[in-house]
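**Q** Hey, dropping start_35.cif in here, mmCIF, C-alpha atoms:
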```cif
data_data
#
loop_
_atom_site.label_atom_id
_atom_site.label_comp_id
_atom_site.auth_asym_id
_atom_site.auth_seq_id
_atom_site.Cartn_x
_atom_site.Cartn_y
_atom_site.Cartn_z
CA MET A 42 -47.34 -10.52 -73.59
CA LEU A 43 -47.35 -11.79 -70.01
CA ASP A 44 -44.62 -10.50 -67.70
CA ASN A 45 -43.88 -12.95 -64.86
CA SER A 46 -42.72 -11.07 -61.77
CA VAL A 47 -41.04 -12.35 -58.60
CA SER A 48 -44.17 -14.12 -57.43
CA THR A 49 -45.81 -16.58 -59.80
CA ASN A 50 -49.20 -15.47 -58.50
CA GLN A 51 -48.58 -11.91 -59.70
CA THR A 52 -48.60 -11.72 -63.45
CA SER A 53 -49.00 -8.36 -65.15
CA VAL A 54 -50.26 -7.85 -68.69
CA ARG A 55 -48.36 -5.50 -70.97
CA GLU A 56 -50.68 -6.02 -73.92
CA PHE A 57 -53.85 -7.85 -74.87
CA ILE A 58 -54.66 -9.89 -77.96
CA LEU A 59 -58.05 -9.25 -79.58
CA LEU A 60 -59.38 -12.46 -81.12
CA GLY A 61 -61.73 -10.55 -83.43
CA LEU A 62 -64.84 -11.87 -85.15
CA SER A 63 -63.57 -14.96 -86.96
CA ASN A 64 -60.45 -16.99 -87.77
CA ASN A 65 -61.77 -17.85 -91.23
CA ASN A 66 -59.76 -15.88 -93.84
CA ASP A 67 -62.66 -15.69 -96.29
CA LEU A 68 -65.02 -14.43 -93.61
CA GLN A 69 -62.44 -11.90 -92.45
CA ILE A 70 -62.43 -10.29 -95.91
CA VAL A 71 -66.24 -10.21 -95.94
CA PHE A 72 -66.33 -8.70 -92.44
CA PHE A 73 -63.70 -6.12 -93.37
CA LEU A 74 -65.61 -4.93 -96.45
CA LEU A 75 -68.96 -4.99 -94.64
CA PHE A 76 -67.80 -2.96 -91.63
CA LEU A 77 -65.74 -0.59 -93.76
CA GLY A 78 -68.87 0.17 -95.82
CA MET A 79 -71.00 0.60 -92.69
CA TYR A 80 -68.39 2.88 -91.12
CA MET A 81 -68.18 5.11 -94.21
CA VAL A 82 -71.99 5.42 -94.31
CA THR A 83 -72.04 6.20 -90.58
CA LEU A 84 -69.46 8.96 -90.97
CA SER A 85 -71.04 10.49 -94.08
CA GLY A 86 -74.62 10.30 -92.77
CA ASN A 87 -73.86 11.87 -89.42
CA LEU A 88 -71.47 14.49 -90.85
CA LEU A 89 -74.10 15.47 -93.43
CA LEU A 90 -76.68 15.96 -90.70
CA ILE A 91 -74.29 18.11 -88.63
CA LEU A 92 -73.34 20.24 -91.66
CA VAL A 93 -76.94 20.72 -92.79
CA VAL A 94 -77.99 21.86 -89.32
CA ARG A 95 -74.93 24.10 -89.04
CA LEU A 96 -75.39 25.76 -92.45
CA ASN A 97 -79.14 26.39 -92.24
CA PRO A 98 -80.22 29.13 -89.79
CA ARG A 99 -83.79 27.76 -89.82
CA LEU A 100 -82.50 24.61 -88.14
CA HIS A 101 -80.79 26.45 -85.28
CA THR A 102 -83.40 25.21 -82.82
CA LEU A 103 -83.11 23.08 -79.69
CA MET A 104 -84.35 19.92 -81.40
CA TYR A 105 -81.60 20.11 -84.02
CA PHE A 106 -79.06 21.09 -81.37
CA PHE A 107 -79.72 17.72 -79.71
CA LEU A 108 -79.72 15.93 -83.08
CA SER A 109 -76.30 17.41 -83.88
CA ASN A 110 -75.09 16.28 -80.46
CA LEU A 111 -76.34 12.77 -81.18
CA SER A 112 -74.62 12.69 -84.57
CA ALA A 113 -71.31 13.85 -83.09
CA ILE A 114 -71.58 11.17 -80.39
CA ASP A 115 -72.37 8.48 -83.00
CA ILE A 116 -69.33 9.44 -85.09
CA CYS A 117 -67.04 9.20 -82.06
CA PHE A 118 -68.80 6.12 -80.64
CA SER A 119 -68.37 4.18 -83.87
CA SER A 120 -64.80 5.47 -84.25
CA THR A 121 -63.73 4.07 -80.87
CA VAL A 122 -64.54 0.54 -82.07
CA VAL A 123 -64.77 0.10 -85.85
CA PRO A 124 -61.27 1.27 -86.96
CA LYS A 125 -59.64 -1.15 -84.50
CA LEU A 126 -62.08 -3.87 -85.59
CA LEU A 127 -61.03 -3.31 -89.22
CA LEU A 128 -57.36 -3.45 -88.27
CA VAL A 129 -57.78 -6.63 -86.21
CA THR A 130 -59.82 -8.24 -89.00
CA ILE A 131 -57.33 -7.60 -91.83
CA SER A 132 -54.00 -7.59 -89.96
CA GLN A 133 -51.89 -10.37 -88.47
CA ASP A 134 -51.09 -8.13 -85.51
CA LYS A 135 -54.13 -8.31 -83.22
CA SER A 136 -52.44 -6.83 -80.16
CA ILE A 137 -53.45 -3.75 -78.21
CA SER A 138 -51.38 -2.22 -75.44
CA PHE A 139 -52.57 -2.13 -71.84
CA LEU A 140 -52.93 1.68 -71.99
CA GLY A 141 -54.56 1.50 -75.43
CA CYS A 142 -57.07 -1.02 -74.13
CA ALA A 143 -57.89 1.13 -71.09
CA THR A 144 -58.27 4.23 -73.29
CA GLN A 145 -60.55 2.44 -75.74
CA MET A 146 -62.77 1.10 -72.97
CA TYR A 147 -62.92 4.49 -71.26
CA PHE A 148 -64.09 6.40 -74.34
CA HIS A 149 -66.45 3.59 -75.30
CA LEU A 150 -68.09 3.87 -71.86
CA VAL A 151 -68.18 7.68 -72.01
CA LEU A 152 -69.85 7.81 -75.42
CA GLY A 153 -72.26 4.94 -74.73
CA GLN A 154 -73.48 6.53 -71.50
CA THR A 155 -73.69 10.01 -73.07
CA GLU A 156 -75.80 8.66 -75.94
CA SER A 157 -78.12 6.94 -73.47
CA LEU A 158 -78.64 10.21 -71.58
CA ILE A 159 -78.92 12.42 -74.69
CA LEU A 160 -81.60 10.16 -76.20
CA ALA A 161 -83.60 10.55 -72.98
CA VAL A 162 -83.22 14.35 -73.08
CA MET A 163 -84.31 14.34 -76.75
CA ALA A 164 -87.42 12.30 -75.88
CA PHE A 165 -88.29 14.75 -73.08
CA ASP A 166 -87.78 17.64 -75.50
CA ARG A 167 -90.21 16.07 -78.01
CA TYR A 168 -92.72 15.32 -75.23
CA THR A 169 -92.62 18.96 -74.12
CA ALA A 170 -92.94 20.28 -77.70
CA ILE A 171 -95.92 18.04 -78.56
CA CYS A 172 -97.76 17.75 -75.24
CA LYS A 173 -97.02 21.20 -73.78
CA PRO A 174 -96.53 23.45 -76.84
CA LEU A 175 -97.57 26.67 -75.07
CA GLN A 176 -95.06 26.09 -72.27
CA TYR A 177 -92.27 24.73 -74.49
CA THR A 178 -90.15 27.89 -74.69
CA ILE A 179 -90.50 28.41 -70.94
CA ILE A 180 -89.54 24.83 -70.00
CA MET A 181 -86.96 24.04 -72.69
CA HIS A 182 -85.03 27.29 -72.81
CA LYS A 183 -81.54 27.38 -74.30
CA LYS A 184 -79.67 27.64 -71.00
CA LEU A 185 -81.43 24.52 -69.67
CA CYS A 186 -80.74 22.53 -72.85
CA VAL A 187 -77.05 23.44 -72.89
CA GLY A 188 -76.89 22.56 -69.20
CA LEU A 189 -78.60 19.20 -69.80
CA SER A 190 -76.22 18.41 -72.66
CA ALA A 191 -73.17 19.38 -70.59
CA GLY A 192 -74.55 17.41 -67.64
CA CYS A 193 -74.83 14.27 -69.79
CA TRP A 194 -71.14 14.56 -70.72
CA ILE A 195 -69.98 15.35 -67.17
CA VAL A 196 -71.86 12.40 -65.65
CA SER A 197 -70.54 10.05 -68.34
CA PHE A 198 -66.91 11.24 -68.07
CA SER A 199 -66.96 10.96 -64.27
CA ASN A 200 -68.63 7.55 -64.07
CA SER A 201 -66.43 6.11 -66.84
CA ILE A 202 -63.25 7.16 -65.02
CA ILE A 203 -64.40 5.18 -61.97
CA LEU A 204 -65.37 2.11 -64.01
CA THR A 205 -62.09 2.14 -65.97
CA LEU A 206 -59.85 2.63 -62.92
CA VAL A 207 -61.63 -0.10 -60.94
CA THR A 208 -61.40 -2.51 -63.89
CA PHE A 209 -57.76 -1.91 -64.82
CA GLN A 210 -56.42 -2.10 -61.27
CA LEU A 211 -57.43 -5.78 -61.31
CA PRO A 212 -54.77 -8.47 -61.92
CA PHE A 213 -55.16 -10.05 -65.37
CA CYS A 214 -53.36 -13.33 -64.84
CA LYS A 215 -55.74 -15.86 -66.43
CA SER A 216 -54.85 -14.85 -69.99
CA ASN A 217 -54.28 -11.83 -72.21
CA LEU A 218 -56.55 -13.17 -74.98
CA ILE A 219 -59.74 -11.09 -75.23
CA SER A 220 -62.53 -13.07 -76.89
CA HIS A 221 -63.86 -9.92 -78.53
CA PHE A 222 -63.05 -7.38 -81.24
CA PHE A 223 -62.40 -4.48 -78.83
CA CYS A 224 -61.76 -3.81 -75.15
CA GLU A 225 -65.17 -4.04 -73.52
CA MET A 226 -65.71 -4.39 -69.79
CA PRO A 227 -67.40 -7.85 -69.56
CA PRO A 228 -64.76 -9.87 -71.50
CA LEU A 229 -61.97 -8.05 -69.64
CA LEU A 230 -63.44 -9.01 -66.26
CA GLN A 231 -63.44 -12.64 -67.36
CA LEU A 232 -59.61 -12.48 -67.68
CA SER A 233 -59.06 -11.32 -64.11
CA CYS A 234 -58.04 -13.67 -61.33
CA GLY A 235 -58.81 -11.01 -58.72
CA ASP A 236 -62.05 -10.09 -56.95
CA ILE A 237 -64.28 -8.53 -59.61
CA TRP A 238 -67.24 -7.98 -57.25
CA LEU A 239 -66.85 -4.18 -57.09
CA SER A 240 -66.45 -3.86 -60.86
CA GLU A 241 -69.58 -5.92 -61.48
CA VAL A 242 -71.61 -3.96 -58.91
CA LEU A 243 -70.56 -0.63 -60.44
CA GLU A 244 -71.27 -1.93 -63.95
CA TYR A 245 -74.73 -3.12 -62.89
CA MET A 246 -75.48 0.18 -61.09
CA THR A 247 -74.49 2.10 -64.23
CA GLY A 248 -76.83 -0.10 -66.25
CA VAL A 249 -79.73 0.57 -63.88
CA ILE A 250 -79.20 4.25 -63.06
CA ILE A 251 -78.09 5.55 -66.46
CA VAL A 252 -79.26 3.09 -69.12
CA LEU A 253 -82.48 1.63 -67.66
CA PHE A 254 -83.61 4.95 -66.15
CA SER A 255 -83.05 6.73 -69.49
CA PHE A 256 -84.95 4.01 -71.34
CA LEU A 257 -87.92 4.24 -68.94
CA LEU A 258 -87.96 8.04 -69.30
CA ILE A 259 -88.09 7.63 -73.10
CA LEU A 260 -90.94 5.10 -72.86
CA MET A 261 -92.94 7.42 -70.59
CA SER A 262 -92.31 10.37 -72.94
CA TYR A 263 -93.46 8.42 -75.99
CA LEU A 264 -96.49 7.06 -74.13
CA ASN A 265 -97.60 10.62 -73.41
CA ILE A 266 -96.83 11.64 -77.00
CA THR A 267 -98.92 8.70 -78.26
CA LEU A 268 -101.86 9.66 -76.03
CA ASN A 269 -101.61 13.19 -77.39
CA VAL A 270 -101.38 12.01 -81.01
CA ILE A 271 -104.58 9.96 -80.60
CA LYS A 272 -106.45 13.24 -80.16
CA ILE A 273 -105.38 14.45 -83.64
CA ARG A 274 -108.41 14.51 -85.95
CA SER A 275 -106.56 14.15 -89.24
CA THR A 276 -106.05 10.45 -90.01
CA LYS A 277 -103.11 11.22 -92.31
CA GLU A 278 -101.31 13.30 -89.69
CA LYS A 279 -102.07 10.68 -87.03
CA GLN A 280 -100.60 7.88 -89.17
CA LYS A 281 -97.50 9.97 -89.94
CA ALA A 282 -96.96 10.74 -86.24
CA PHE A 283 -97.41 7.09 -85.23
CA SER A 284 -95.03 5.96 -87.98
CA THR A 285 -92.35 8.42 -86.85
CA CYS A 286 -92.74 7.50 -83.17
CA ALA A 287 -92.66 3.78 -84.00
CA SER A 288 -89.41 4.06 -86.00
CA HIS A 289 -87.78 6.07 -83.21
CA LEU A 290 -88.90 3.58 -80.57
CA VAL A 291 -87.68 0.55 -82.53
CA VAL A 292 -84.14 1.96 -82.88
CA VAL A 293 -84.04 3.29 -79.32
CA SER A 294 -85.31 -0.02 -77.90
CA LEU A 295 -82.72 -1.94 -79.91
CA TYR A 296 -79.97 0.32 -78.58
CA TYR A 297 -80.94 0.16 -74.90
CA CYS A 298 -81.85 -3.53 -74.85
CA THR A 299 -78.54 -4.59 -76.43
CA ILE A 300 -76.54 -2.47 -73.95
CA MET A 301 -78.50 -3.84 -70.99
CA TYR A 302 -78.05 -7.38 -72.29
CA ILE A 303 -74.26 -7.00 -72.53
CA HIS A 304 -73.71 -5.24 -69.21
CA MET A 305 -76.47 -6.65 -67.00
CA HIS A 306 -76.97 -10.31 -67.94
CA SER A 307 -75.40 -13.29 -66.15
CA ARG A 308 -71.78 -13.98 -67.14
CA THR A 309 -72.25 -17.73 -66.65
CA ALA A 310 -75.06 -17.82 -69.21
CA SER A 311 -73.18 -15.75 -71.77
CA SER A 312 -71.78 -16.89 -75.09
CA ALA A 313 -68.79 -15.08 -76.64
CA GLU A 314 -70.27 -15.39 -80.15
CA LYS A 315 -73.68 -14.10 -79.08
CA ASP A 316 -72.13 -11.24 -77.09
CA ARG A 317 -70.06 -10.14 -80.10
CA ALA A 318 -73.13 -10.21 -82.36
CA VAL A 319 -75.18 -8.15 -79.89
CA THR A 320 -72.32 -5.67 -79.39
CA ILE A 321 -72.13 -5.07 -83.16
CA LEU A 322 -75.74 -3.85 -83.07
CA TYR A 323 -75.14 -0.95 -80.69
CA THR A 324 -71.57 -0.06 -81.69
CA ALA A 325 -71.87 -0.20 -85.50
CA VAL A 326 -75.49 -0.60 -86.63
CA ILE A 327 -77.28 1.96 -84.41
CA PRO A 328 -74.82 4.84 -85.17
CA LEU A 329 -75.44 4.09 -88.85
CA LEU A 330 -79.25 4.10 -88.50
CA ASN A 331 -79.69 7.15 -86.24
CA PRO A 332 -79.15 9.94 -88.81
CA PHE A 333 -81.59 8.29 -91.21
CA ILE A 334 -84.24 7.45 -88.62
CA TYR A 335 -84.18 10.95 -87.13
CA SER A 336 -83.88 12.90 -90.39
CA VAL A 337 -85.32 10.99 -93.38
CA ARG A 338 -88.88 11.48 -92.10
CA ASN A 339 -88.12 15.08 -91.16
CA LYS A 340 -89.45 17.51 -93.76
CA GLU A 341 -87.22 20.41 -92.64
CA ILE A 342 -84.05 18.30 -92.88
CA LYS A 343 -84.97 16.99 -96.35
CA GLU A 344 -85.70 20.49 -97.62
CA ALA A 345 -82.44 21.80 -96.12
CA ILE A 346 -80.46 18.99 -97.80
CA LYS A 347 -82.13 19.67 -101.17
CA LYS A 348 -81.43 23.40 -100.82
CA SER A 349 -77.79 22.77 -99.91
CA VAL A 350 -77.30 20.36 -102.83
CA THR A 351 -79.00 22.76 -105.27
CA THR A 352 -76.85 25.66 -104.03
CA ALA A 353 -73.69 23.59 -104.38
CA ILE A 354 -74.58 22.54 -107.95
CA TYR A 355 -75.40 26.01 -109.21
CA HIS A 356 -72.50 27.74 -107.51
#
```
Could I get this file's structure written as structure tokens?

**A**
Amino acid sequence: MLDNSVSTNQTSVREFILLGLSNNNDLQIVFFLLFLGMYMVTLSGNLLLILVVRLNPRLHTLMYFFLSNLSAIDICFSSTVVPKLLLVTISQDKSISFLGCATQMYFHLVLGQTESLILAVMAFDRYTAICKPLQYTIIMHKKLCVGLSAGCWIVSFSNSIILTLVTFQLPFCKSNLISHFFCEMPPLLQLSCGDIWLSEVLEYMTGVIIVLFSFLLILMSYLNITLNVIKIRSTKEKQKAFSTCASHLVVVSLYYCTIMYIHMHSRTASSAEKDRAVTILYTAVIPLLNPFIYSVRNKEIKEAIKKSVTTAIYH
């Protein structure tokens, strides 16, 4: 709904309309069932990982502390987008209030940035454990890890407040139709008739300082891990280590590259359909894959799950 004020040049938006993924009714049903299934798997997979780590004292280590953090972030990250996507897909009412839109974008930014930073901390933790095993407990002590985790959240909360306030103080007088399935920063900026220079600069700086820097730190950590793995004499252990590192790197690269594409590429060269497809990867697909990529190959997690299931059956 557009509210025309005294001046015709000043038009305030009370609500936005999310155009969703498709106008085709048949496709909407397919999308609804597909994303509902993905969301349920995301919730169950990440909750299972958190519960298994919580219930098994053997897993009360720093590595699993970070994994639990990642799973909690993925649950919340997916929940900021997918429920609204499901509602927009199946319902005739595709509106979202101005405040609701700002809130959704804020938490989406917070969780996306926190995940970027936590993944970098996890990679550094693995690098320290594999490349500096004798110094691991000295370097990665509990107080430091809790501080790093808290720091990731504080940086993300603070930066997201700035990005959200700068974006939503802009006048949205071009239209209130968002060519997307949730309130993301790039499509919102396209609706503004004001000067979006500051918003774009801050968005780009966030992409470079938080996302790109975290990605480069991960690549350097895995490069050092790879060089260390090469020294392993056992061919079987070497292949297993390379396989695990490769699967981690594929998912991490997909996550960071899609985020950088959305928030750092040229607006003039962008396509709404392509942007929506890319956004789906890091908001719905990656949170679904993470618990499996980080735990299926993990012997301790598999044994803990088997033990928990066996205990539940016989008690």

**Q** Once the PyMOL selection byres ((chain A and resi 135) around 9) is applied to the coordinates I shared, what remains selected? I want it as a CSV table (one decimal) with C-alpha atoms, in the frame of the given file.

**A**
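Okay, this is what ended up in expr-v2.csv:
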```
chain,number,residue,atom,x,y,z
A,57,PHE,CA,-53.8,-7.8,-74.9
A,58,ILE,CA,-54.7,-9.9,-78.0
A,59,LEU,CA,-58.0,-9.2,-79.6
A,60,LEU,CA,-59.4,-12.5,-81.1
A,61,GLY,CA,-61.7,-10.6,-83.4
A,128,LEU,CA,-57.4,-3.4,-88.3
A,129,VAL,CA,-57.8,-6.6,-86.2
A,130,THR,CA,-59.8,-8.2,-89.0
A,132,SER,CA,-54.0,-7.6,-90.0
A,133,GLN,CA,-51.9,-10.4,-88.5
A,134,ASP,CA,-51.1,-8.1,-85.5
A,136,SER,CA,-52.4,-6.8,-80.2
A,137,ILE,CA,-53.4,-3.8,-78.2
```

**Q** Counting all atoms listed in the file, which residue out of A:Ile159, A:Ile116, A:Leu229, A:Leu185 sits closest to Met146 in chain A?

**A**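 Smallest separation from Met146 in chain A among the options: A:Leu229.
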
**Q** Expanded to explicit residues, what is the PyMOL selection byres ((chain A and resi 111) around 12) for this file, as number ranges by chain?

**A** A: 86-88, 90-91, 104-110, 112-118, 152-163, 190, 193-194, 327-332, 335-336

**Q** Going by the chain IDs and residue numbers used in this file, which residues fall under the PyMOL selection byres ((chain A and resi 142) around 9)? Write them as an NGL selection string.

**A** :A and (56-57 or 137-141 or 143-147 or 223-225)

**Q** Report, in Å with one decimal, the straight-line distance from CA of Val319 in chain A to CA of Ile219 in chain A.

**A** 16.4 Å

**Q** Could you check which of A:Val252, A:Cys234, A:Met181, A:Leu218 is closest to Leu150 in chain A, using all atoms listed in the file?

**A**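 Of the candidates, the smallest distance to Leu150 in chain A is held by A:Val252.
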
**Q** Could you tell me how far CA of Ile259 in chain A lies from CA of Val293 in chain A, in Å and to one decimal?

**A**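 Distance between the two atoms: 8.6 Å.
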
**Q** Using all atoms listed in the file, can you tell me which of A:Ile334, A:Leu89, A:Leu253, A:Leu103 comes closest to Val291 in chain A?

**A** A:Ile334

**Q** Can you measure CA of Leu100 in chain A to CA of Leu295 in chain A for me? One decimal in Å is fine.

**A** 27.8 Å

**Q** Counting all atoms listed in the file, which residue out of A:Leu322, A:Val196, A:Leu258, A:Leu62 sits closest to Val292 in chain A?

**A** A:Leu322

**Q** Compile the contact shell of Thr208 in chain A as a ChimeraX atom specification: residues with an atom at most 9 Å away, counting all atoms listed in the file, same-chain residues fewer than 5 positions apart removed.

**A** /A:143,203,226,229-230,237,239-240

**Q** For Asn339 in chain A, which residue out of A:Ala282, A:Ile266, A:Ile303, A:Ala164 is the nearest one, using all atoms listed in the file?

**A**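 Under the stated criterion, the closest residue is A:Ala282.
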